[in-house]
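S.K.: Got a structure for you, questions after.
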Amino acid sequence: MAKEYETVIGLEVHVELATKTKIFCGCSTAFGAEPNTQTCPVCTGMPGSLPVLNKQVLEYAIAVGLATNCDITRYAKFDRKNYFYPDNPQNYQISQLYLPICRNGSVEIETKEGGVKSVGIHEIHMEEDAGKLIHDEWDDCSLVDYNRSGVPLIEIVSEPDMRSAEEVIAYLEKLRLIIQYLGASDCKLQEGSMRADVNLSVREAGAKEFGTRTEMKNLNSFKAISRAIAGETERQIDLIESGEKVVQETRRWDDTRGESYAMRSKEDAQDYRYFPDPDLTPIMVSDEMLADIRSRQPELRSEKMKRYKEEYDIPDYDIEIITGSKHMADLFEETTAICAQPKKVSNWLMGETLRLMKEKEVEVEDLRFSPENLAKLIALTDSRAINSSVAKEVFEVMFDTDVDPEQYVEEKGLKTVNDEGALKKTVEEVIAANPQSVEDYRSGKEKAIGFLVGQTMKAMKGKADPATVNRMLKELL
Amino acid sequence: MANIISDETIEYVGILAKLELSDAEKEQAKSDMGRMLDYIDKLGELDTTGVEPMSHVFPVHNVFREDVVTNGDTRQQLLANAPEQKDGMFTVPRTFE
Ligand SMILES: [Zn+2]
C-alpha cells in the first residue's frame, strides 16, 4: 500500500436541551415516566393542534451559538421535514432548513502536537425529537412511546474540518464542556442527551476534492466513535484500493461486532420536501434580546479558573481538574459554600472521588453524592467524631447511594469512642498482650508503637482516633 | 397545459405520499398537478425584485410560551385512538431501523 490517505470528518451533533417542557407544548420532559403519559395533542400530531415555541429553547440555542462564535440569525423560522415513520406522529419533523438560528461559528481544540486548531461550525438549528420505538420480540411487533416526541434538540453541524479520531473527540469534549457550562444540557452520550453522527470520507493525501462520504449513526460513547472512525476509514480505503466506489449512504455502527452496515434506506429516496411550517410564526431576534441573553450567560470555564485562583487556596492542578467538568465545579462550589473549607472539599474530589470514579467506571455527570452530605462528612472528620479511614469507608457508601453520613455513622455505630476510660482499658490490654513490642519501644525502637496503635485500632474495630491512641500509649509506656 | 407530468413523476410522488393510485386516478392527478404548476408559473411572471420571501401569512412574529409544565397525563384519551395497544403503547408492525 504505497498511497497515503487522509480522513476528512464532519460531525452532526444532536443535543437534548435541559428544558422542563417540550419544544412546542407544555408536556414535561422528565426522564423515566410511564410510556405515553407525557403527551398531548401537539406532540402526538393530532389534527388541529397548534405548536407554540418554548422561549427557553430559543434562548439556549442562542446561548450555545454565542459561546461558539456563531452569527445569530435575526430572522429565523421553522420548516417541516416530511417523512413517514411510526416514531414521527405528525409525518413531519419540525426543524430548521432555510433560516437556522445560528451560522458560521467555530470552536478551538487542542491538537496532540500541542497546537490549537479551529473547527468550523456550519450551523446550529432547533428541532424536535421523535418518539421511541421498542421492539417486542414476544409478539413480533414494535411498540411506540411518544414521551420523547417533541423534546427539544439543537443540531450542531460542523464543517468537514477534522482529520482524526483524536480531533473528533477533542471537538466533542469541548462542545460538551461549553454546553454544560451554559446549563443548556447535561450532554450524556450514554443516555443519548448528546448524540453524534460522523460524516466521513477519505482522499489521497494532498488531493483537493473530497471523496464520497458516508454518515455513521449509533455512536454512544467516545470509544465507539474512535473505533467507528478507524473501521470506516479502513473500509473506504479498502474499497478504493480494490477499484470499487464508496457509496454515499447512512451506516449503522455495531460496536460489539466492530463493524458498520448500511441501514436499509427508509424504503424510498431521501426526499424530505421541506417547506416553511405555517403553524409557527417567524422569530425576530432583536438587539435587546441578544443583549439580555449575553448578560445572563453564565461564567465560562476560563473565567471560573481565574476566579478560583483568586478565591480559593487550592493548587492550580486541582483547579484544572475541578473546572474540567461543570458538574464537578458545581459540587465543589456548593460544598464549599456550606462548609467553607475549599481545601478539604478539593481533597475529597481529587482523591477519593477520582479514585472511585476510575475504579467503578462512573462518569463525572453521574456522581450521586450531594454537596450537603459531603459537607457533613467533612464536619464529622473535623470534630474527630470519625477517623480518616472510617471517613473513607463512609464516603464510598455515599458515592454509591448518597447516604446521609451522620445517620449512617450513627446506625452502623462507627463513631470514634471518645470514652477515655474504655479506650484506656483497651490500650492496657494491648500493652499486656504484646510484651515484645513494649520492650522494643522502651529500648528505643520508636517504630514499635505503630504496631501497638494498629492492634488497639483493631481491638476498637476502627472506631478510635489514632492520634489519641498514640498519645495514650506513650503516656502508659 | 404547459406543464406535462410524466408517469415516472406521478409514480414517485405516489411513493413519497404512500398512496397507491389506480390508472384512472393517476391520469387525474397528472392533469391536476400540471394545472397547479401552470398556476405557479403564472405567479412567476410577476416581478418580485426586492420583495422578501414570505414565510408566514400573517404579520406576526415571536409567539412564545414560557417553559412551564401545563399538561398532565392524558394517556387514556391518546390510546383511545390506537387500533392496537400493549403496555400503554401503540402497537405497530415490526419496524427496523
Ligand atoms: Zn405535548
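To be explicit about the labels: the chains of the C-alpha cells are called A, B, and onward in the order shown, and within each one the residues are counted from 1, while ligands get numbers from 1 in the order they are shown.
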Pick out the residues no farther than 9 Å from ligand 1, counting only C-alpha atoms and all ligand atoms, and list them as an mmCIF file with N, CA and C atoms, in the first residue's frame.
M.R.:
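Saved the output as part-v1.cif:
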```cif
data_model
loop_
_atom_site.group_PDB
_atom_site.id
_atom_site.type_symbol
_atom_site.label_atom_id
_atom_site.label_comp_id
_atom_site.auth_asym_id
_atom_site.auth_seq_id
_atom_site.Cartn_x
_atom_site.Cartn_y
_atom_site.Cartn_z
ATOM 1 N N THR A 21 -40.037 21.597 29.756
ATOM 2 C CA THR A 21 -41.123 21.156 28.875
ATOM 3 C C THR A 21 -40.614 20.973 27.448
ATOM 4 N N LYS A 22 -41.469 20.396 26.626
ATOM 5 C CA LYS A 22 -41.109 20.109 25.240
ATOM 6 C C LYS A 22 -40.989 21.398 24.425
ATOM 7 N N ILE A 23 -40.552 21.251 23.186
ATOM 8 C CA ILE A 23 -40.274 22.441 22.383
ATOM 9 C C ILE A 23 -41.535 23.202 21.975
ATOM 10 N N PHE A 24 -42.629 22.490 21.708
ATOM 11 C CA PHE A 24 -43.822 23.177 21.198
ATOM 12 C C PHE A 24 -45.075 22.976 22.045
ATOM 13 N N CYS A 25 -44.962 22.320 23.209
ATOM 14 C CA CYS A 25 -46.149 22.120 24.049
ATOM 15 C C CYS A 25 -45.727 22.061 25.512
ATOM 16 N N GLY A 26 -46.700 22.091 26.400
ATOM 17 C CA GLY A 26 -46.421 22.138 27.837
ATOM 18 C C GLY A 26 -46.282 20.771 28.488
ATOM 19 N N CYS A 27 -45.895 19.755 27.713
ATOM 20 C CA CYS A 27 -45.668 18.432 28.289
ATOM 21 C C CYS A 27 -44.295 18.388 28.948
ATOM 22 N N SER A 28 -44.219 17.659 30.066
ATOM 23 C CA SER A 28 -42.958 17.529 30.786
ATOM 24 C C SER A 28 -41.940 16.708 29.987
ATOM 25 N N GLN A 38 -46.587 11.496 29.077
ATOM 26 C CA GLN A 38 -46.196 12.892 28.900
ATOM 27 C C GLN A 38 -46.440 13.279 27.448
ATOM 28 N N THR A 39 -47.695 13.274 27.081
ATOM 29 C CA THR A 39 -48.060 13.565 25.696
ATOM 30 C C THR A 39 -49.309 14.425 25.667
ATOM 31 N N CYS A 40 -49.534 15.050 24.526
ATOM 32 C CA CYS A 40 -50.730 15.869 24.346
ATOM 33 C C CYS A 40 -51.035 15.905 22.854
ATOM 34 N N PRO A 41 -52.128 16.555 22.430
ATOM 35 C CA PRO A 41 -52.452 16.585 21.000
ATOM 36 C C PRO A 41 -51.321 17.164 20.133
ATOM 37 N N VAL A 42 -50.542 18.122 20.677
ATOM 38 C CA VAL A 42 -49.485 18.736 19.858
ATOM 39 C C VAL A 42 -48.371 17.730 19.549
ATOM 40 N N CYS A 43 -47.850 17.080 20.594
ATOM 41 C CA CYS A 43 -46.686 16.218 20.370
ATOM 42 C C CYS A 43 -47.067 14.826 19.879
ATOM 43 N N THR A 44 -48.363 14.590 19.694
ATOM 44 C CA THR A 44 -48.755 13.327 19.065
ATOM 45 C C THR A 44 -49.394 13.600 17.709
ATOM 46 N N PRO A 51 -48.714 24.151 17.578
ATOM 47 C CA PRO A 51 -47.456 24.245 18.331
ATOM 48 C C PRO A 51 -47.102 25.702 18.645
ATOM 49 N N TYR A 146 -44.508 7.944 22.933
ATOM 50 C CA TYR A 146 -44.309 9.318 22.440
ATOM 51 C C TYR A 146 -43.848 10.302 23.515
ATOM 52 N N ASN A 147 -43.413 9.812 24.673
ATOM 53 C CA ASN A 147 -42.927 10.747 25.693
ATOM 54 C C ASN A 147 -41.778 11.609 25.183
ATOM 55 N N SER A 149 -41.295 12.398 22.040
ATOM 56 C CA SER A 149 -41.699 13.151 20.860
ATOM 57 C C SER A 149 -41.886 14.619 21.230
ATOM 58 N N GLY A 150 -41.149 15.508 20.571
ATOM 59 C CA GLY A 150 -41.269 16.925 20.867
ATOM 60 C C GLY A 150 -40.282 17.429 21.914
ATOM 61 N N VAL A 151 -39.398 16.555 22.383
ATOM 62 C CA VAL A 151 -38.342 17.009 23.294
ATOM 63 C C VAL A 151 -37.377 17.886 22.484
ATOM 64 N N ASN B 71 -49.353 20.481 30.916
ATOM 65 C CA ASN B 71 -50.123 19.295 30.533
ATOM 66 C C ASN B 71 -49.951 18.158 31.521
#
```
S.K.: Please build the interface table for chain B against chain A with a cut-off of 10 Å, listing for each qualifying residue the nearest atom pair and the distance in Å to one decimal; count only C-alpha atoms, order rows by chain and increasing number, and write it as a tab-separated table.
M.R.:
```
residue	atom	partner	partner_atom	distance
B:Tyr12	CA	A:Asp268	CA	9.0
B:Ile15	CA	A:Asp268	CA	7.3
B:Leu16	CA	A:Asp268	CA	7.2
B:Ala17	CA	A:Phe84	CA	8.6
B:Lys18	CA	A:Phe84	CA	8.4
B:Met54	CA	A:Pro276	CA	9.5
B:Ser55	CA	A:Pro276	CA	6.4
B:His56	CA	A:Pro278	CA	6.1
B:Val57	CA	A:Pro278	CA	7.7
B:Phe58	CA	A:Thr281	CA	8.4
B:Pro59	CA	A:Thr281	CA	8.7
B:Val60	CA	A:Thr281	CA	6.3
B:His61	CA	A:Pro282	CA	5.0
B:Asn62	CA	A:Ile283	CA	5.0
B:Val63	CA	A:Thr281	CA	6.4
B:Phe64	CA	A:Leu53	CA	5.0
B:Arg65	CA	A:Asn54	CA	4.9
B:Glu66	CA	A:Lys55	CA	5.8
B:Asp67	CA	A:Thr21	CA	5.8
B:Val68	CA	A:Thr21	CA	6.3
B:Val69	CA	A:Gly26	CA	4.8
B:Thr70	CA	A:Gly26	CA	4.8
B:Asn71	CA	A:Cys27	CA	5.1
B:Gly72	CA	A:Gln38	CA	7.0
B:Asp73	CA	A:Thr37	CA	4.8
B:Thr74	CA	A:Thr37	CA	6.4
B:Arg75	CA	A:Thr37	CA	5.2
B:Gln76	CA	A:Thr37	CA	8.7
B:Gln77	CA	A:Cys40	CA	9.4
B:Leu78	CA	A:Cys40	CA	7.7
B:Leu79	CA	A:Asn36	CA	8.6
B:Glu84	CA	A:Leu143	CA	9.8
B:Gln85	CA	A:Leu143	CA	7.9
B:Lys86	CA	A:Leu143	CA	7.4
B:Asp87	CA	A:Pro35	CA	8.1
B:Gly88	CA	A:Pro35	CA	6.0
B:Met89	CA	A:Val144	CA	5.3
B:Phe90	CA	A:Val144	CA	5.0
B:Thr91	CA	A:Leu143	CA	4.7
B:Val92	CA	A:Ser142	CA	5.3
B:Pro93	CA	A:Cys141	CA	5.1
B:Arg94	CA	A:Cys141	CA	4.0
B:Thr95	CA	A:Ser142	CA	6.1
B:Phe96	CA	A:Arg264	CA	8.4
B:Glu97	CA	A:Met263	CA	6.9
```
S.K.: Got a sec: who's within 7 Å of Asn220 of chain A, counting only C-alpha atoms, leaving out chain neighbours fewer than 4 positions off, as a PyMOL selection string?
M.R.: chain A and resi 189-190+195+224
S.K.: I want to know what sits within 8 Å of Ser437 of chain A, based on only C-alpha atoms, with residues of the same chain fewer than 3 positions away left out; could you give that as a list in words?
M.R.: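 Listing them by chain and then by number gives Asn434, Asp440, Tyr441, Ala448, Ile449, Phe451 and Leu452 of chain A.
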S.K.: Between atom CA of Gly206 of chain A and atom CA of Asp161 of chain A, what distance in Å does the model show, to one decimal?
M.R.: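 Computed distance, atom CA of Gly206 of chain A to atom CA of Asp161 of chain A, equals 14.7 Å.
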S.K.: What is the distance, in Å and to one decimal place, between atom CA of Val15 of chain A and atom CA of Ile154 of chain A?
M.R.: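 Result for atom CA of Val15 of chain A versus atom CA of Ile154 of chain A: 5.4 Å, one decimal.
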S.K.: Name the closest residue to Lys3 of chain A among the candidates A:Leu17, A:Ala205, A:Leu300, A:Ile386; distances are taken between atoms, counting only C-alpha atoms.
M.R.: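 That would be A:Ala205, the residue with the smallest distance to Lys3 of chain A.
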S.K.: Residues of segment 3-86 of chain B in strand (DSSP E or B) according to DSSP, as a list in words?
M.R.: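 Taking segment 3-86 of chain B and keeping strand (DSSP E or B) only, one gets Phe64, Arg65, Gln85 and Lys86 of chain B.
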S.K.: Residues near Val417 of chain A, anyone? I mean within 9 Å using only C-alpha atoms, not counting same-chain ones fewer than 5 positions away, as a list in words.
M.R.: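 Returned residues: Ala385, Ile386, Ala422, Leu423, Met460, Lys463, Ala464 and Asp465 of chain A.
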S.K.: So that I can check the surroundings of Lys81 of chain A, please list as a PyMOL selection string every protein, DNA and RNA residue that reaches within 6 Å of it, counting only C-alpha atoms and ignoring chain neighbours fewer than 5 positions away.
M.R.: chain A and resi 92-93+272+274
S.K.: When you draw a straight line from atom CA of Ala337 of chain A to atom CA of Thr381 of chain A, how long is it in Å?
M.R.: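 Going from atom CA of Ala337 of chain A over to atom CA of Thr381 of chain A, I get 17.8 Å.
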S.K.: Using only C-alpha atoms, which protein or nucleic acid residues come within 12 Å of Glu410 of chain A? Drop anything in the same chain fewer than 4 positions from it, and give the result as a PyMOL selection string.
M.R.: chain A and resi 380+385-386+394+403-406+414-416+463
S.K.: Just the selected residues (all heavy atoms), exported as a PDB file, in the first residue's frame, please.
M.R.:
```pdb
ATOM      1  N   LEU A 380     -17.856  15.828  60.222  1.00  0.00           N
ATOM      2  CA  LEU A 380     -17.665  14.664  61.096  1.00  0.00           C
ATOM      3  C   LEU A 380     -16.187  14.386  61.341  1.00  0.00           C
ATOM      4  O   LEU A 380     -15.785  14.040  62.456  1.00  0.00           O
ATOM      5  CB  LEU A 380     -18.316  13.422  60.484  1.00  0.00           C
ATOM      6  CG  LEU A 380     -19.842  13.305  60.592  1.00  0.00           C
ATOM      7  CD1 LEU A 380     -20.350  12.165  59.722  1.00  0.00           C
ATOM      8  CD2 LEU A 380     -20.261  13.074  62.047  1.00  0.00           C
ATOM      9  N   ALA A 385     -15.240  13.032  65.185  1.00  0.00           N
ATOM     10  CA  ALA A 385     -16.288  12.061  65.511  1.00  0.00           C
ATOM     11  C   ALA A 385     -15.985  10.746  64.808  1.00  0.00           C
ATOM     12  O   ALA A 385     -16.343   9.677  65.283  1.00  0.00           O
ATOM     13  CB  ALA A 385     -17.639  12.590  65.092  1.00  0.00           C
ATOM     14  N   ILE A 386     -15.331  10.834  63.640  1.00  0.00           N
ATOM     15  CA  ILE A 386     -14.860   9.617  62.965  1.00  0.00           C
ATOM     16  C   ILE A 386     -13.424   9.859  62.518  1.00  0.00           C
ATOM     17  O   ILE A 386     -13.022  10.994  62.304  1.00  0.00           O
ATOM     18  CB  ILE A 386     -15.726   9.236  61.727  1.00  0.00           C
ATOM     19  CG1 ILE A 386     -15.831  10.414  60.748  1.00  0.00           C
ATOM     20  CG2 ILE A 386     -17.115   8.787  62.148  1.00  0.00           C
ATOM     21  CD1 ILE A 386     -16.537  10.058  59.450  1.00  0.00           C
ATOM     22  N   VAL A 394     -17.149   5.512  54.793  1.00  0.00           N
ATOM     23  CA  VAL A 394     -18.470   6.144  54.688  1.00  0.00           C
ATOM     24  C   VAL A 394     -18.607   6.829  53.325  1.00  0.00           C
ATOM     25  O   VAL A 394     -19.653   6.751  52.674  1.00  0.00           O
ATOM     26  CB  VAL A 394     -18.672   7.183  55.818  1.00  0.00           C
ATOM     27  CG1 VAL A 394     -19.993   7.931  55.645  1.00  0.00           C
ATOM     28  CG2 VAL A 394     -18.615   6.500  57.173  1.00  0.00           C
ATOM     29  N   VAL A 403     -25.891   8.360  50.891  1.00  0.00           N
ATOM     30  CA  VAL A 403     -26.470   8.290  52.243  1.00  0.00           C
ATOM     31  C   VAL A 403     -26.086   9.540  53.030  1.00  0.00           C
ATOM     32  O   VAL A 403     -25.104  10.204  52.734  1.00  0.00           O
ATOM     33  CB  VAL A 403     -25.973   7.066  53.056  1.00  0.00           C
ATOM     34  CG1 VAL A 403     -26.547   5.797  52.513  1.00  0.00           C
ATOM     35  CG2 VAL A 403     -24.455   7.036  53.119  1.00  0.00           C
ATOM     36  N   ASP A 404     -26.885   9.833  54.052  1.00  0.00           N
ATOM     37  CA  ASP A 404     -26.571  10.912  54.976  1.00  0.00           C
ATOM     38  C   ASP A 404     -25.493  10.361  55.914  1.00  0.00           C
ATOM     39  O   ASP A 404     -25.747   9.420  56.674  1.00  0.00           O
ATOM     40  CB  ASP A 404     -27.838  11.279  55.746  1.00  0.00           C
ATOM     41  CG  ASP A 404     -27.589  12.373  56.766  1.00  0.00           C
ATOM     42  OD1 ASP A 404     -26.443  12.467  57.275  1.00  0.00           O
ATOM     43  OD2 ASP A 404     -28.534  13.127  57.042  1.00  0.00           O
ATOM     44  N   PRO A 405     -24.276  10.913  55.889  1.00  0.00           N
ATOM     45  CA  PRO A 405     -23.186  10.303  56.666  1.00  0.00           C
ATOM     46  C   PRO A 405     -23.441  10.325  58.171  1.00  0.00           C
ATOM     47  O   PRO A 405     -23.044   9.397  58.873  1.00  0.00           O
ATOM     48  CB  PRO A 405     -21.958  11.146  56.294  1.00  0.00           C
ATOM     49  CG  PRO A 405     -22.482  12.394  55.714  1.00  0.00           C
ATOM     50  CD  PRO A 405     -23.825  12.079  55.134  1.00  0.00           C
ATOM     51  N   GLU A 406     -24.117  11.363  58.668  1.00  0.00           N
ATOM     52  CA  GLU A 406     -24.391  11.426  60.118  1.00  0.00           C
ATOM     53  C   GLU A 406     -25.245  10.238  60.528  1.00  0.00           C
ATOM     54  O   GLU A 406     -24.949   9.531  61.488  1.00  0.00           O
ATOM     55  CB  GLU A 406     -25.118  12.732  60.477  1.00  0.00           C
ATOM     56  CG  GLU A 406     -24.190  13.929  60.472  1.00  0.00           C
ATOM     57  CD  GLU A 406     -24.940  15.243  60.588  1.00  0.00           C
ATOM     58  OE1 GLU A 406     -26.189  15.223  60.675  1.00  0.00           O
ATOM     59  OE2 GLU A 406     -24.266  16.292  60.563  1.00  0.00           O
ATOM     60  N   LEU A 414     -20.281   3.742  63.957  1.00  0.00           N
ATOM     61  CA  LEU A 414     -18.899   3.945  63.515  1.00  0.00           C
ATOM     62  C   LEU A 414     -18.202   5.081  64.245  1.00  0.00           C
ATOM     63  O   LEU A 414     -17.071   5.403  63.961  1.00  0.00           O
ATOM     64  CB  LEU A 414     -18.877   4.223  62.008  1.00  0.00           C
ATOM     65  CG  LEU A 414     -19.351   3.072  61.119  1.00  0.00           C
ATOM     66  CD1 LEU A 414     -19.486   3.534  59.687  1.00  0.00           C
ATOM     67  CD2 LEU A 414     -18.379   1.907  61.218  1.00  0.00           C
ATOM     68  N   LYS A 415     -18.937   5.720  65.129  1.00  0.00           N
ATOM     69  CA  LYS A 415     -18.347   6.863  65.826  1.00  0.00           C
ATOM     70  C   LYS A 415     -17.134   6.465  66.637  1.00  0.00           C
ATOM     71  O   LYS A 415     -17.104   5.421  67.281  1.00  0.00           O
ATOM     72  CB  LYS A 415     -19.395   7.491  66.746  1.00  0.00           C
ATOM     73  CG  LYS A 415     -20.094   8.655  66.078  1.00  0.00           C
ATOM     74  CD  LYS A 415     -20.584   9.660  67.086  1.00  0.00           C
ATOM     75  CE  LYS A 415     -21.144  10.832  66.308  1.00  0.00           C
ATOM     76  NZ  LYS A 415     -22.444  11.239  66.768  1.00  0.00           N
ATOM     77  N   THR A 416     -16.145   7.319  66.623  1.00  0.00           N
ATOM     78  CA  THR A 416     -14.941   7.111  67.399  1.00  0.00           C
ATOM     79  C   THR A 416     -15.319   7.076  68.876  1.00  0.00           C
ATOM     80  O   THR A 416     -16.136   7.865  69.332  1.00  0.00           O
ATOM     81  CB  THR A 416     -13.981   8.288  67.156  1.00  0.00           C
ATOM     82  OG1 THR A 416     -13.740   8.360  65.773  1.00  0.00           O
ATOM     83  CG2 THR A 416     -12.684   8.112  67.900  1.00  0.00           C
ATOM     84  N   LYS A 463     -12.900   2.189  65.476  1.00  0.00           N
ATOM     85  CA  LYS A 463     -13.651   3.335  65.975  1.00  0.00           C
ATOM     86  C   LYS A 463     -12.897   4.154  67.022  1.00  0.00           C
ATOM     87  O   LYS A 463     -13.446   4.531  68.051  1.00  0.00           O
ATOM     88  CB  LYS A 463     -14.986   2.855  66.556  1.00  0.00           C
ATOM     89  CG  LYS A 463     -15.902   2.292  65.500  1.00  0.00           C
ATOM     90  CD  LYS A 463     -17.226   1.875  66.088  1.00  0.00           C
ATOM     91  CE  LYS A 463     -17.094   0.634  66.925  1.00  0.00           C
ATOM     92  NZ  LYS A 463     -18.392   0.181  67.452  1.00  0.00           N
TER      93      LYS A 463
END
```
S.K.: Can you list, as an NGL selection string, all residues belonging to chain B that DSSP tags as helix (DSSP H, G or I)?
M.R.: :B and (7-16 or 23-44 or 75-79)
S.K.: I need the residue nearest Asp41 of chain B from this list: B:Ala29, B:Ala24, B:Ile10, B:Met1. Use only C-alpha atoms for the distance.
M.R.: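 Comparing B:Ala29, B:Ala24, B:Ile10, B:Met1 against Asp41 of chain B, the winner is B:Met1.
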